[in-house]
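What follows is the content of query-v4.cif, which has mmCIF, N, CA and C atoms:
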data_my_file
#
loop_
_atom_site.label_atom_id
_atom_site.label_comp_id
_atom_site.auth_asym_id
_atom_site.auth_seq_id
_atom_site.Cartn_x
_atom_site.Cartn_y
_atom_site.Cartn_z
N ASN A 1 -12.69 40.02 95.78
CA ASN A 1 -12.59 40.55 94.42
C ASN A 1 -12.40 39.44 93.40
N THR A 2 -12.83 38.25 93.74
CA THR A 2 -12.71 37.11 92.84
C THR A 2 -13.60 37.31 91.61
N LYS A 3 -13.12 36.88 90.47
CA LYS A 3 -13.89 37.01 89.25
C LYS A 3 -14.91 35.88 89.13
N CYS A 4 -16.02 36.18 88.47
CA CYS A 4 -17.06 35.19 88.20
C CYS A 4 -17.42 35.29 86.73
N ASN A 5 -17.39 34.16 86.05
CA ASN A 5 -17.82 34.10 84.66
C ASN A 5 -19.20 33.47 84.61
N TYR A 6 -20.07 34.05 83.79
CA TYR A 6 -21.35 33.39 83.57
C TYR A 6 -21.58 33.25 82.07
N GLU A 7 -22.35 32.21 81.73
CA GLU A 7 -22.65 31.93 80.34
C GLU A 7 -24.12 31.57 80.22
N VAL A 8 -24.78 32.12 79.19
CA VAL A 8 -26.19 31.89 78.95
C VAL A 8 -26.33 30.92 77.78
N PHE A 9 -27.11 29.87 77.99
CA PHE A 9 -27.34 28.84 76.98
C PHE A 9 -28.84 28.72 76.69
N LEU A 10 -29.19 28.47 75.43
CA LEU A 10 -30.52 27.98 75.09
C LEU A 10 -30.44 26.47 75.18
N ILE A 11 -31.32 25.85 75.99
CA ILE A 11 -31.22 24.39 76.12
C ILE A 11 -32.37 23.64 75.47
N ASN A 12 -33.55 24.28 75.30
CA ASN A 12 -34.58 23.63 74.49
C ASN A 12 -35.69 24.59 74.13
N VAL A 13 -36.48 24.16 73.15
CA VAL A 13 -37.65 24.90 72.70
C VAL A 13 -38.79 23.89 72.59
N ALA A 14 -39.90 24.18 73.26
CA ALA A 14 -41.08 23.31 73.21
C ALA A 14 -42.19 24.01 72.44
N TYR A 15 -42.84 23.29 71.53
CA TYR A 15 -43.93 23.80 70.70
C TYR A 15 -45.22 23.18 71.20
N ASN A 16 -46.08 24.00 71.80
CA ASN A 16 -47.36 23.54 72.34
C ASN A 16 -48.50 24.38 71.79
N GLY A 17 -49.71 23.97 72.12
CA GLY A 17 -50.88 24.72 71.67
C GLY A 17 -51.35 24.20 70.33
N GLU A 18 -51.95 25.10 69.57
CA GLU A 18 -52.55 24.70 68.30
C GLU A 18 -51.50 24.63 67.19
N ASP A 19 -51.83 23.87 66.15
CA ASP A 19 -50.93 23.67 65.02
C ASP A 19 -51.05 24.86 64.06
N VAL A 20 -50.04 25.74 64.09
CA VAL A 20 -50.03 26.89 63.18
C VAL A 20 -49.01 26.70 62.05
N GLY A 21 -48.41 25.51 61.99
CA GLY A 21 -47.41 25.22 60.97
C GLY A 21 -46.18 24.60 61.59
N ASN A 22 -45.23 24.19 60.74
CA ASN A 22 -44.05 23.52 61.28
C ASN A 22 -42.72 24.04 60.72
N ASP A 23 -42.75 25.17 60.05
CA ASP A 23 -41.51 25.77 59.52
C ASP A 23 -41.15 26.98 60.38
N TRP A 24 -40.14 26.80 61.23
CA TRP A 24 -39.82 27.81 62.24
C TRP A 24 -38.43 28.39 62.09
N ALA A 25 -38.31 29.67 62.46
CA ALA A 25 -37.02 30.35 62.59
C ALA A 25 -37.09 31.16 63.88
N TYR A 26 -35.95 31.33 64.56
CA TYR A 26 -35.91 32.06 65.82
C TYR A 26 -34.79 33.09 65.79
N SER A 27 -35.00 34.16 66.55
CA SER A 27 -33.95 35.13 66.85
C SER A 27 -33.94 35.33 68.35
N ILE A 28 -32.76 35.25 68.94
CA ILE A 28 -32.64 35.43 70.39
C ILE A 28 -31.55 36.45 70.65
N LYS A 29 -31.87 37.42 71.50
CA LYS A 29 -30.89 38.44 71.88
C LYS A 29 -30.81 38.48 73.39
N VAL A 30 -29.58 38.53 73.89
CA VAL A 30 -29.35 38.70 75.32
C VAL A 30 -28.90 40.13 75.52
N GLN A 31 -29.70 40.87 76.24
CA GLN A 31 -29.48 42.25 76.66
C GLN A 31 -28.49 43.07 75.85
N ASP A 32 -27.20 42.97 76.14
CA ASP A 32 -26.25 43.93 75.59
C ASP A 32 -25.23 43.30 74.66
N GLY A 33 -25.65 42.27 73.89
CA GLY A 33 -24.65 41.79 72.96
C GLY A 33 -24.86 40.41 72.39
N GLY A 34 -25.31 39.46 73.14
CA GLY A 34 -25.47 38.12 72.59
C GLY A 34 -26.65 38.07 71.65
N PHE A 35 -26.42 37.65 70.41
CA PHE A 35 -27.49 37.57 69.41
C PHE A 35 -27.28 36.34 68.56
N VAL A 36 -28.31 35.49 68.47
CA VAL A 36 -28.20 34.27 67.67
C VAL A 36 -29.47 34.09 66.85
N ASN A 37 -29.30 33.80 65.57
CA ASN A 37 -30.41 33.46 64.68
C ASN A 37 -30.40 31.96 64.43
N PHE A 38 -31.56 31.37 64.45
CA PHE A 38 -31.72 29.96 64.09
C PHE A 38 -32.51 29.94 62.79
N ALA A 39 -31.90 29.43 61.72
CA ALA A 39 -32.50 29.45 60.39
C ALA A 39 -33.75 28.56 60.34
N GLU A 40 -34.52 28.74 59.29
CA GLU A 40 -35.75 27.97 59.11
C GLU A 40 -35.48 26.47 59.22
N HIS A 41 -36.31 25.80 60.00
CA HIS A 41 -36.22 24.36 60.17
C HIS A 41 -37.58 23.83 60.61
N THR A 42 -37.75 22.52 60.62
CA THR A 42 -39.04 21.91 60.91
C THR A 42 -39.16 21.54 62.38
N VAL A 43 -40.28 21.94 62.97
CA VAL A 43 -40.63 21.53 64.34
C VAL A 43 -42.11 21.16 64.32
N GLU A 44 -42.41 19.95 64.74
CA GLU A 44 -43.79 19.49 64.74
C GLU A 44 -44.52 19.99 65.99
N PRO A 45 -45.84 20.22 65.88
CA PRO A 45 -46.61 20.66 67.04
C PRO A 45 -46.53 19.67 68.19
N ASN A 46 -46.64 20.19 69.40
CA ASN A 46 -46.64 19.41 70.64
C ASN A 46 -45.41 18.51 70.75
N SER A 47 -44.25 19.13 70.51
CA SER A 47 -42.99 18.39 70.64
C SER A 47 -41.87 19.37 71.01
N LEU A 48 -40.71 18.80 71.32
CA LEU A 48 -39.51 19.60 71.52
C LEU A 48 -38.82 19.76 70.17
N ASP A 49 -38.16 20.89 70.00
CA ASP A 49 -37.38 21.14 68.78
C ASP A 49 -36.13 20.26 68.84
N LYS A 50 -36.10 19.23 68.02
CA LYS A 50 -35.00 18.26 68.05
C LYS A 50 -33.68 18.84 67.52
N SER A 51 -33.75 19.98 66.82
CA SER A 51 -32.53 20.56 66.29
C SER A 51 -31.76 21.37 67.34
N ILE A 52 -32.40 21.68 68.46
CA ILE A 52 -31.76 22.50 69.48
C ILE A 52 -30.92 21.62 70.39
N THR A 53 -29.64 21.90 70.40
CA THR A 53 -28.75 21.33 71.40
C THR A 53 -28.31 22.51 72.26
N LYS A 54 -27.68 22.24 73.36
CA LYS A 54 -27.25 23.31 74.26
C LYS A 54 -26.38 24.30 73.48
N THR A 55 -26.92 25.52 73.30
CA THR A 55 -26.29 26.52 72.45
C THR A 55 -25.89 27.73 73.27
N SER A 56 -24.60 28.07 73.25
CA SER A 56 -24.11 29.24 73.97
C SER A 56 -24.58 30.51 73.27
N LEU A 57 -25.14 31.44 74.06
CA LEU A 57 -25.64 32.69 73.51
C LEU A 57 -24.82 33.90 73.94
N TYR A 58 -24.21 33.82 75.13
CA TYR A 58 -23.60 35.03 75.71
C TYR A 58 -22.71 34.63 76.88
N LYS A 59 -21.57 35.33 77.01
CA LYS A 59 -20.64 35.12 78.13
C LYS A 59 -20.23 36.48 78.68
N LYS A 60 -20.03 36.54 79.99
CA LYS A 60 -19.55 37.79 80.58
C LYS A 60 -18.84 37.48 81.89
N GLU A 61 -17.95 38.40 82.28
CA GLU A 61 -17.23 38.28 83.55
C GLU A 61 -17.64 39.43 84.46
N VAL A 62 -17.94 39.10 85.72
CA VAL A 62 -18.26 40.08 86.75
C VAL A 62 -17.51 39.66 88.01
N LYS A 63 -17.78 40.31 89.12
CA LYS A 63 -17.19 39.90 90.40
C LYS A 63 -18.04 38.80 91.03
N CYS A 64 -17.38 37.87 91.69
CA CYS A 64 -18.09 36.78 92.36
C CYS A 64 -19.02 37.38 93.41
N GLY A 65 -20.26 36.94 93.41
CA GLY A 65 -21.26 37.44 94.35
C GLY A 65 -22.11 38.56 93.79
N ASP A 66 -21.73 39.10 92.62
CA ASP A 66 -22.51 40.19 92.03
C ASP A 66 -23.90 39.70 91.63
N ALA A 67 -24.88 40.57 91.82
CA ALA A 67 -26.22 40.33 91.30
C ALA A 67 -26.22 40.75 89.83
N VAL A 68 -26.80 39.91 88.99
CA VAL A 68 -26.84 40.18 87.55
C VAL A 68 -28.30 40.16 87.11
N SER A 69 -28.65 41.10 86.27
CA SER A 69 -29.99 41.16 85.71
C SER A 69 -29.85 41.20 84.19
N LEU A 70 -30.42 40.20 83.52
CA LEU A 70 -30.34 40.11 82.07
C LEU A 70 -31.73 40.20 81.46
N THR A 71 -31.83 40.84 80.31
CA THR A 71 -33.08 40.79 79.56
C THR A 71 -32.88 39.87 78.37
N LEU A 72 -33.79 38.91 78.25
CA LEU A 72 -33.78 37.95 77.16
C LEU A 72 -34.90 38.32 76.19
N PHE A 73 -34.55 38.54 74.92
CA PHE A 73 -35.52 38.89 73.88
C PHE A 73 -35.62 37.70 72.92
N VAL A 74 -36.85 37.25 72.64
CA VAL A 74 -37.05 36.10 71.77
C VAL A 74 -38.09 36.45 70.71
N GLU A 75 -37.77 36.09 69.46
CA GLU A 75 -38.74 36.22 68.37
C GLU A 75 -38.83 34.88 67.67
N ALA A 76 -40.06 34.41 67.47
CA ALA A 76 -40.29 33.14 66.76
C ALA A 76 -41.13 33.45 65.53
N THR A 77 -40.73 32.88 64.39
CA THR A 77 -41.43 33.11 63.13
C THR A 77 -41.81 31.77 62.52
N GLU A 78 -43.11 31.62 62.25
CA GLU A 78 -43.57 30.45 61.50
C GLU A 78 -43.63 30.90 60.05
N ILE A 79 -42.79 30.28 59.21
CA ILE A 79 -42.61 30.70 57.82
C ILE A 79 -43.76 30.15 56.98
N ASP A 80 -44.44 31.05 56.28
CA ASP A 80 -45.54 30.66 55.39
C ASP A 80 -45.24 31.14 53.98
N ALA A 81 -45.91 30.55 53.00
CA ALA A 81 -45.72 30.94 51.60
C ALA A 81 -46.23 32.37 51.35
N THR A 82 -47.31 32.73 52.02
CA THR A 82 -47.90 34.06 51.79
C THR A 82 -47.41 35.10 52.79
N SER A 83 -47.72 34.91 54.06
CA SER A 83 -47.22 35.86 55.07
C SER A 83 -46.82 35.08 56.32
N ASN A 84 -45.69 35.47 56.89
CA ASN A 84 -45.17 34.79 58.07
C ASN A 84 -45.97 35.18 59.31
N ASP A 85 -46.04 34.26 60.27
CA ASP A 85 -46.66 34.52 61.57
C ASP A 85 -45.53 34.72 62.57
N VAL A 86 -45.54 35.87 63.25
CA VAL A 86 -44.43 36.23 64.13
C VAL A 86 -44.95 36.51 65.53
N GLY A 87 -44.22 36.03 66.51
CA GLY A 87 -44.51 36.36 67.91
C GLY A 87 -43.20 36.73 68.58
N ASN A 88 -43.28 37.60 69.57
CA ASN A 88 -42.07 37.92 70.32
C ASN A 88 -42.41 38.21 71.77
N SER A 89 -41.39 38.07 72.60
CA SER A 89 -41.56 38.27 74.03
C SER A 89 -40.19 38.55 74.63
N SER A 90 -40.19 39.09 75.82
CA SER A 90 -38.93 39.31 76.53
C SER A 90 -39.15 39.07 78.01
N LYS A 91 -38.06 38.86 78.71
CA LYS A 91 -38.13 38.60 80.15
C LYS A 91 -36.85 39.10 80.79
N VAL A 92 -37.01 39.72 81.95
CA VAL A 92 -35.85 40.11 82.74
C VAL A 92 -35.62 38.98 83.74
N PHE A 93 -34.38 38.48 83.78
CA PHE A 93 -34.04 37.39 84.70
C PHE A 93 -32.86 37.83 85.56
N SER A 94 -33.02 37.70 86.86
CA SER A 94 -31.96 38.09 87.81
C SER A 94 -31.41 36.86 88.52
N PHE A 95 -30.10 36.89 88.75
CA PHE A 95 -29.43 35.79 89.45
C PHE A 95 -28.18 36.34 90.09
N LYS A 96 -27.56 35.53 90.93
CA LYS A 96 -26.30 35.92 91.57
C LYS A 96 -25.18 35.11 90.95
N CYS A 97 -24.09 35.77 90.57
CA CYS A 97 -22.94 35.07 90.01
C CYS A 97 -22.16 34.49 91.19
N ASP A 98 -22.49 33.25 91.53
CA ASP A 98 -21.97 32.66 92.76
C ASP A 98 -21.54 31.21 92.60
N GLY A 99 -21.40 30.76 91.36
CA GLY A 99 -21.03 29.36 91.13
C GLY A 99 -22.22 28.46 90.90
N GLY A 100 -23.43 28.99 90.95
CA GLY A 100 -24.64 28.19 90.76
C GLY A 100 -25.06 28.08 89.31
N VAL A 101 -26.07 27.24 89.09
CA VAL A 101 -26.67 27.06 87.77
C VAL A 101 -28.14 27.43 87.90
N TYR A 102 -28.63 28.25 86.97
CA TYR A 102 -30.00 28.76 87.03
C TYR A 102 -30.72 28.49 85.72
N GLN A 103 -32.05 28.36 85.80
CA GLN A 103 -32.85 28.19 84.59
C GLN A 103 -34.02 29.16 84.60
N THR A 104 -34.41 29.58 83.42
CA THR A 104 -35.60 30.39 83.23
C THR A 104 -36.15 30.08 81.86
N SER A 105 -37.38 30.52 81.61
CA SER A 105 -37.96 30.29 80.29
C SER A 105 -38.72 31.54 79.83
N VAL A 106 -38.87 31.64 78.52
CA VAL A 106 -39.62 32.72 77.90
C VAL A 106 -40.67 32.08 77.00
N ASP A 107 -41.94 32.45 77.21
CA ASP A 107 -43.03 31.95 76.38
C ASP A 107 -43.35 32.95 75.28
N VAL A 108 -43.51 32.43 74.07
CA VAL A 108 -43.85 33.27 72.92
C VAL A 108 -45.12 32.70 72.28
N ALA A 109 -46.15 33.55 72.16
CA ALA A 109 -47.39 33.14 71.51
C ALA A 109 -47.35 33.59 70.05
N ILE A 110 -47.76 32.67 69.15
CA ILE A 110 -47.78 32.95 67.73
C ILE A 110 -49.19 32.64 67.23
N THR A 111 -49.87 33.65 66.69
CA THR A 111 -51.24 33.48 66.19
C THR A 111 -51.24 33.47 64.67
N ASP A 112 -51.92 32.47 64.11
CA ASP A 112 -52.06 32.38 62.65
C ASP A 112 -53.44 32.90 62.28
N ASP A 113 -53.49 34.10 61.73
CA ASP A 113 -54.76 34.74 61.39
C ASP A 113 -55.53 34.00 60.30
N THR A 114 -54.82 33.26 59.44
CA THR A 114 -55.51 32.56 58.36
C THR A 114 -56.20 31.30 58.86
N LEU A 115 -55.85 30.85 60.06
CA LEU A 115 -56.47 29.64 60.62
C LEU A 115 -57.47 30.01 61.71
N ILE A 116 -58.22 31.07 61.48
CA ILE A 116 -59.22 31.55 62.44
C ILE A 116 -58.60 31.74 63.81
N ASN A 117 -57.48 32.47 63.80
CA ASN A 117 -56.80 32.87 65.04
C ASN A 117 -56.36 31.71 65.93
N GLU A 118 -55.88 30.65 65.34
CA GLU A 118 -55.29 29.58 66.15
C GLU A 118 -53.96 30.08 66.69
N THR A 119 -53.65 29.67 67.94
CA THR A 119 -52.44 30.16 68.60
C THR A 119 -51.59 29.01 69.10
N ALA A 120 -50.32 29.10 68.78
CA ALA A 120 -49.32 28.16 69.31
C ALA A 120 -48.50 28.89 70.35
N GLN A 121 -47.86 28.13 71.23
CA GLN A 121 -46.94 28.72 72.19
C GLN A 121 -45.62 27.98 72.11
N LEU A 122 -44.55 28.76 71.95
CA LEU A 122 -43.21 28.20 72.01
C LEU A 122 -42.59 28.63 73.33
N THR A 123 -42.04 27.67 74.05
CA THR A 123 -41.38 27.94 75.32
C THR A 123 -39.88 27.71 75.14
N PHE A 124 -39.12 28.78 75.30
CA PHE A 124 -37.67 28.76 75.17
C PHE A 124 -37.06 28.64 76.56
N THR A 125 -36.29 27.58 76.81
CA THR A 125 -35.69 27.37 78.12
C THR A 125 -34.21 27.71 78.06
N PHE A 126 -33.80 28.55 79.01
CA PHE A 126 -32.42 29.03 79.10
C PHE A 126 -31.78 28.52 80.38
N GLN A 127 -30.47 28.27 80.29
CA GLN A 127 -29.69 27.89 81.47
C GLN A 127 -28.53 28.86 81.60
N ILE A 128 -28.34 29.35 82.82
CA ILE A 128 -27.22 30.26 83.10
C ILE A 128 -26.29 29.55 84.05
N GLU A 129 -25.05 29.37 83.61
CA GLU A 129 -24.05 28.68 84.42
C GLU A 129 -23.04 29.73 84.91
N THR A 130 -22.78 29.73 86.21
CA THR A 130 -21.84 30.69 86.79
C THR A 130 -20.67 29.94 87.42
N LYS A 131 -19.48 30.55 87.31
CA LYS A 131 -18.26 29.94 87.88
C LYS A 131 -17.41 31.03 88.51
N CYS A 132 -17.17 30.89 89.82
CA CYS A 132 -16.28 31.84 90.51
C CYS A 132 -14.87 31.25 90.57
N GLY A 133 -13.88 32.16 90.58
CA GLY A 133 -12.52 31.66 90.75
C GLY A 133 -11.56 32.15 89.71
#
Would you give me this structure, written as structure tokens?
Amino acid sequence: NTKCNYEVFLINVAYNGEDVGNDWAYSIKVQDGGFVNFAEHTVEPNSLDKSITKTSLYKKEVKCGDAVSLTLFVEATEIDATSNDVGNSSKVFSFKCDGGVYQTSVDVAITDDTLINETAQLTFTFQIETKCG
């Protein structure tokens, strides 16, 4: 009946694909409570978002050894003067709260209709750290 704490972190965001702009904002929600907005900031194409440091999104306590299933919801917005380009995606990630460290990622495609349907992909990488005891 030992307790296990787990914590979900965003550890990086990679911008790949075509250049649809460099003014980005993100919203990330973890299943039943963790919600974080990242305000508009600059990210250049084909690079990592330098403003992202390991950011805690959600914490919870369960029993050690429990299987946990989380849904991660991500929305990425490229801010434009006329109309914003928005993409969103979600992923269910399962792990065991057993003292291990796990990683998963969510890919979000963003299409800019004004640039003849050019598409960028942002990859959000998450780390889940679990601690029993």
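Pairwise distance (atom CA of A:Ser89, atom CA of A:Lys54) equals 20.7 Å.
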Chain and number of each residue from the PyMOL selection byres (((chain A and resi 35 and name CA) around 12) and name CA), as number ranges by chain
A: 8-10, 26-34, 36-38, 55-59, 72-75
Written file, previous selection with N, CA and C atoms, as a compact mmCIF listing (two decimals), keeping the file's coordinate frame:
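To be explicit, this is the file written out as selection03.txt:
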# COMPACT_ATOMS: atom_id res chain seq x y z
N VAL A 8 -24.78 32.12 79.19
CA VAL A 8 -26.19 31.89 78.95
C VAL A 8 -26.33 30.92 77.78
N PHE A 9 -27.11 29.87 77.99
CA PHE A 9 -27.34 28.84 76.98
C PHE A 9 -28.84 28.72 76.69
N LEU A 10 -29.19 28.47 75.43
CA LEU A 10 -30.52 27.98 75.09
C LEU A 10 -30.44 26.47 75.18
N TYR A 26 -35.95 31.33 64.56
CA TYR A 26 -35.91 32.06 65.82
C TYR A 26 -34.79 33.09 65.79
N SER A 27 -35.00 34.16 66.55
CA SER A 27 -33.95 35.13 66.85
C SER A 27 -33.94 35.33 68.35
N ILE A 28 -32.76 35.25 68.94
CA ILE A 28 -32.64 35.43 70.39
C ILE A 28 -31.55 36.45 70.65
N LYS A 29 -31.87 37.42 71.50
CA LYS A 29 -30.89 38.44 71.88
C LYS A 29 -30.81 38.48 73.39
N VAL A 30 -29.58 38.53 73.89
CA VAL A 30 -29.35 38.70 75.32
C VAL A 30 -28.90 40.13 75.52
N GLN A 31 -29.70 40.87 76.24
CA GLN A 31 -29.48 42.25 76.66
C GLN A 31 -28.49 43.07 75.85
N ASP A 32 -27.20 42.97 76.14
CA ASP A 32 -26.25 43.93 75.59
C ASP A 32 -25.23 43.30 74.66
N GLY A 33 -25.65 42.27 73.89
CA GLY A 33 -24.65 41.79 72.96
C GLY A 33 -24.86 40.41 72.39
N GLY A 34 -25.31 39.46 73.14
CA GLY A 34 -25.47 38.12 72.59
C GLY A 34 -26.65 38.07 71.65
N VAL A 36 -28.31 35.49 68.47
CA VAL A 36 -28.20 34.27 67.67
C VAL A 36 -29.47 34.09 66.85
N ASN A 37 -29.30 33.80 65.57
CA ASN A 37 -30.41 33.46 64.68
C ASN A 37 -30.40 31.96 64.43
N PHE A 38 -31.56 31.37 64.45
CA PHE A 38 -31.72 29.96 64.09
C PHE A 38 -32.51 29.94 62.79
N THR A 55 -26.92 25.52 73.30
CA THR A 55 -26.29 26.52 72.45
C THR A 55 -25.89 27.73 73.27
N SER A 56 -24.60 28.07 73.25
CA SER A 56 -24.11 29.24 73.97
C SER A 56 -24.58 30.51 73.27
N LEU A 57 -25.14 31.44 74.06
CA LEU A 57 -25.64 32.69 73.51
C LEU A 57 -24.82 33.90 73.94
N TYR A 58 -24.21 33.82 75.13
CA TYR A 58 -23.60 35.03 75.71
C TYR A 58 -22.71 34.63 76.88
N LYS A 59 -21.57 35.33 77.01
CA LYS A 59 -20.64 35.12 78.13
C LYS A 59 -20.23 36.48 78.68
N LEU A 72 -33.79 38.91 78.25
CA LEU A 72 -33.78 37.95 77.16
C LEU A 72 -34.90 38.32 76.19
N PHE A 73 -34.55 38.54 74.92
CA PHE A 73 -35.52 38.89 73.88
C PHE A 73 -35.62 37.70 72.92
N VAL A 74 -36.85 37.25 72.64
CA VAL A 74 -37.05 36.10 71.77
C VAL A 74 -38.09 36.45 70.71
N GLU A 75 -37.77 36.09 69.46
CA GLU A 75 -38.74 36.22 68.37
C GLU A 75 -38.83 34.88 67.67
Can you write out as a tab-separated table which residues of stretch 2-61 of chain A fall within 8 Å of stretch 91-110 of chain A, alongside each residue's closest atom pair and its distance in Å to one decimal, counting all atoms listed in the file and ordering rows by chain and ascending residue number?
residue	atom	partner	partner_atom	distance
A:Lys3	C	A:Cys97	C	7.7
A:Cys4	CA	A:Cys97	C	6.0
A:Asn5	C	A:Cys97	CA	6.8
A:Tyr6	CA	A:Cys97	CA	6.8
A:Val20	CA	A:Ile110	C	7.1
From the list A:Gly65, A:Ile11, A:Ser51, A:Pro45, the nearest residue to A:Ile128 using only C-alpha atoms is A:Ile11
Correct to one decimal, the distance atom N of A:Lys63-atom N of A:Val13 is 29.4 Å
